[in-house]
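**Q** I am attaching a structure below and will ask some questions about it afterwards.
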Amino acid sequence: MHDLLPAGLGLRVQQSPRRITRAAVDSLEQLIIVTPAKWPDKGWSQLPDGKHLEALVRRAGVEPERRIWQSRLSNRLATGLTLGRLPEAAEGIDIPGAYPLLRFAGELAAAALQDKPHKLGLTVLGLSADESASLVRAMVLAVAAHRFQLPRYQSGKTTRSRTLTLKVFGLGERVDVGRSLAEAEATNLARWLTAQPPNKLDARTYRDALEQLSADNGWRMRFLDEKQLKRLAAGAFLAVAQGNASADAGIAHIRYRPGKTTASPALALVGKGIIFDTGGTNLKPFRAMLDMHHDMAGSAVAVATLLALTRLKVPFAVDCWLAITENRLSADAYKSRDIVTASNGTTIEVIHTDAEGRMALADTLALAAREQPELILDYATLTGSCVQALTERYSGVFSNRDALNQLLIDVGRESGERVWPFPMDKDFDDDLKSSVADILQCAMDGTGDHIHAARFLQRFVPDNIPWVHMDLSSGSRKSELAQIPSGTTGFGVRFSLSLVLDHGETVKQTANAIKN
Ligand code: BES
Ligand code: ZN
Ligand code: ZN
């Protein structure tokens, strides 16, 4: 296995339709029991040690805010019990969506995995079939996220851990968890790549890792290196890359083609892969630069989404385009007032070298568009102003199809990866007028930079191709987000799957019916 790729999920899910037995409990190291928000009055005796549980619950009373209680049986394995009450169903002015359930699943997983069980049970009391199925899927995502070990470089510590078996009891019908497993694995891949230190995952080793992933998954990959990009006149990308110490930068183009498809891709996934963003000539101060190895999160989410789609064997062709370079300070680095020409012929007046993401993406989007995909999705940790606007809980979305915005909000709620759209009116372009080039790289005053950045990118996407840009303000966090523990989130993978797999037809109809 490649050093720069994570271990597999290491999670096996077994389902037994029948009620949990005493013998089954005794074989578990930990058992999670989930009930509705209001404790059920009866039914406890269906569970082994039901009396014990009922007493525990009665003593606990119901503190409205508390959702989780823990105890331990006095059997041979001293089986741990984690008892959880579902969050209240949203009603009235509350916002519906998957977030509260995923957050609850994250809390349950954190509690239940404390002493690293290998055999973990899950059963429910008093939940409907639908509630149970949603819970099981949320738990698969949460357990996979919580047991996952992000890359560590401590001497003497191995990162290998034993497979965890999650045994689900008493649901009557099997819950299909195939999609959740694919989503969990892909989200972990995105988190893993994003968390890698910038000297471990540099442009060269990132390329190697992508080649390995491509070989493992039957993808075809070509790497447009600096030489080839010069031939393609990709001057915007190259302006950023010219400050690097090595010539390893480039645009990775990865293709997934099921069966004998030769059609143009149904989907192009594009990602910002800035290995480390120093700001360049307009150097960032210490705090702002500290975690800028996360600035390749967009590329990680793009390739991880491709992995999930591949695992699910989708029947359509998908392209993936990753813009991989550092943004460095050097004698050769680009500077304010430089004029560069992108591959679609657009001339750009550079204003601020820290706005490198839009430069690298300009050419990448233009190249992706040449293949005439039916939809382009791009992901980028593009602007600090998007974080200012939304915090790290939501990511921003921008589209050249205004009519898609409500669907994007809905998909965010359904997937629990919440997004909010921003306006894309044409007159924002007034702020990007240059007196010497076709466009300014960014506006002089920083207000609404996420909107200006999106308007800038739109210049590189032909109007006939529906396009959604995600400004990943929720790519990494100091605290947890939904079922994901703190750190890098892999945000975007599950949103994209929901958009493409659950709402693909609506996207097509909406995107093609109304053109801006
Ligand atoms: N990668 C940053 C944006 C960023 C910062 C995303 C922190 C998430 C967290 C981007 O390249 C950048 O530096 N943008 C500048 C743009 C400005 C100079 C117009 C910014 O936001 O300050
Ligand atoms: Zn920057
Ligand atoms: Zn950046």
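Ligands are numbered from 1 in the order shown, residues from 1 within each chain, and chains are lettered A, B, ... in the order they appear in the structure tokens.
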Please run DSSP on the backbone and report, as a ChimeraX atom specification, all residues within stretch 261-443 of chain A that come out as alpha helix (DSSP H).
**A** /A:286-290,297-311,356-370,384-390,405-415
**Q** List as a PyMOL selection string the protein and nucleic acid residues near A:Ser246, meaning an atom at most 10 Å away when only C-alpha atoms are counted, but skip any in the same chain fewer than 2 places from it.
**A** chain A and resi 203-204+241-244+248-249+325-326
**Q** Can I get the residues close to ligand 2 as a ChimeraX atom specification, where close means within 6 Å and we count only C-alpha atoms and all ligand atoms?
**A** /A:277,279,354-356
**Q** Applying 10 Å and only C-alpha atoms, which residues near A:Lys260 remain after dropping the ones on its own chain fewer than 3 positions away? List them as a PDB file with N, CA and C atoms, in the first residue's frame.
**A**
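For reference, selection-v1.pdb as written:
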```pdb
ATOM      1  N   ARG A 257     -14.418   5.740 -16.634  1.00  0.00           N
ATOM      2  CA  ARG A 257     -15.262   5.401 -17.771  1.00  0.00           C
ATOM      3  C   ARG A 257     -15.828   4.004 -17.565  1.00  0.00           C
ATOM      4  N   ALA A 263     -18.735   8.559 -24.592  1.00  0.00           N
ATOM      5  CA  ALA A 263     -19.437   9.849 -24.607  1.00  0.00           C
ATOM      6  C   ALA A 263     -18.666  10.886 -23.802  1.00  0.00           C
ATOM      7  N   ALA A 317     -19.924   8.517 -17.310  1.00  0.00           N
ATOM      8  CA  ALA A 317     -18.506   8.905 -17.328  1.00  0.00           C
ATOM      9  C   ALA A 317     -18.272  10.137 -16.453  1.00  0.00           C
TER      10      ALA A 317
END
```
**Q** Can you list, as a count of residues only, every residue of stretch 18-138 of chain A that DSSP puts in strand (DSSP E or B)?
**A** 23
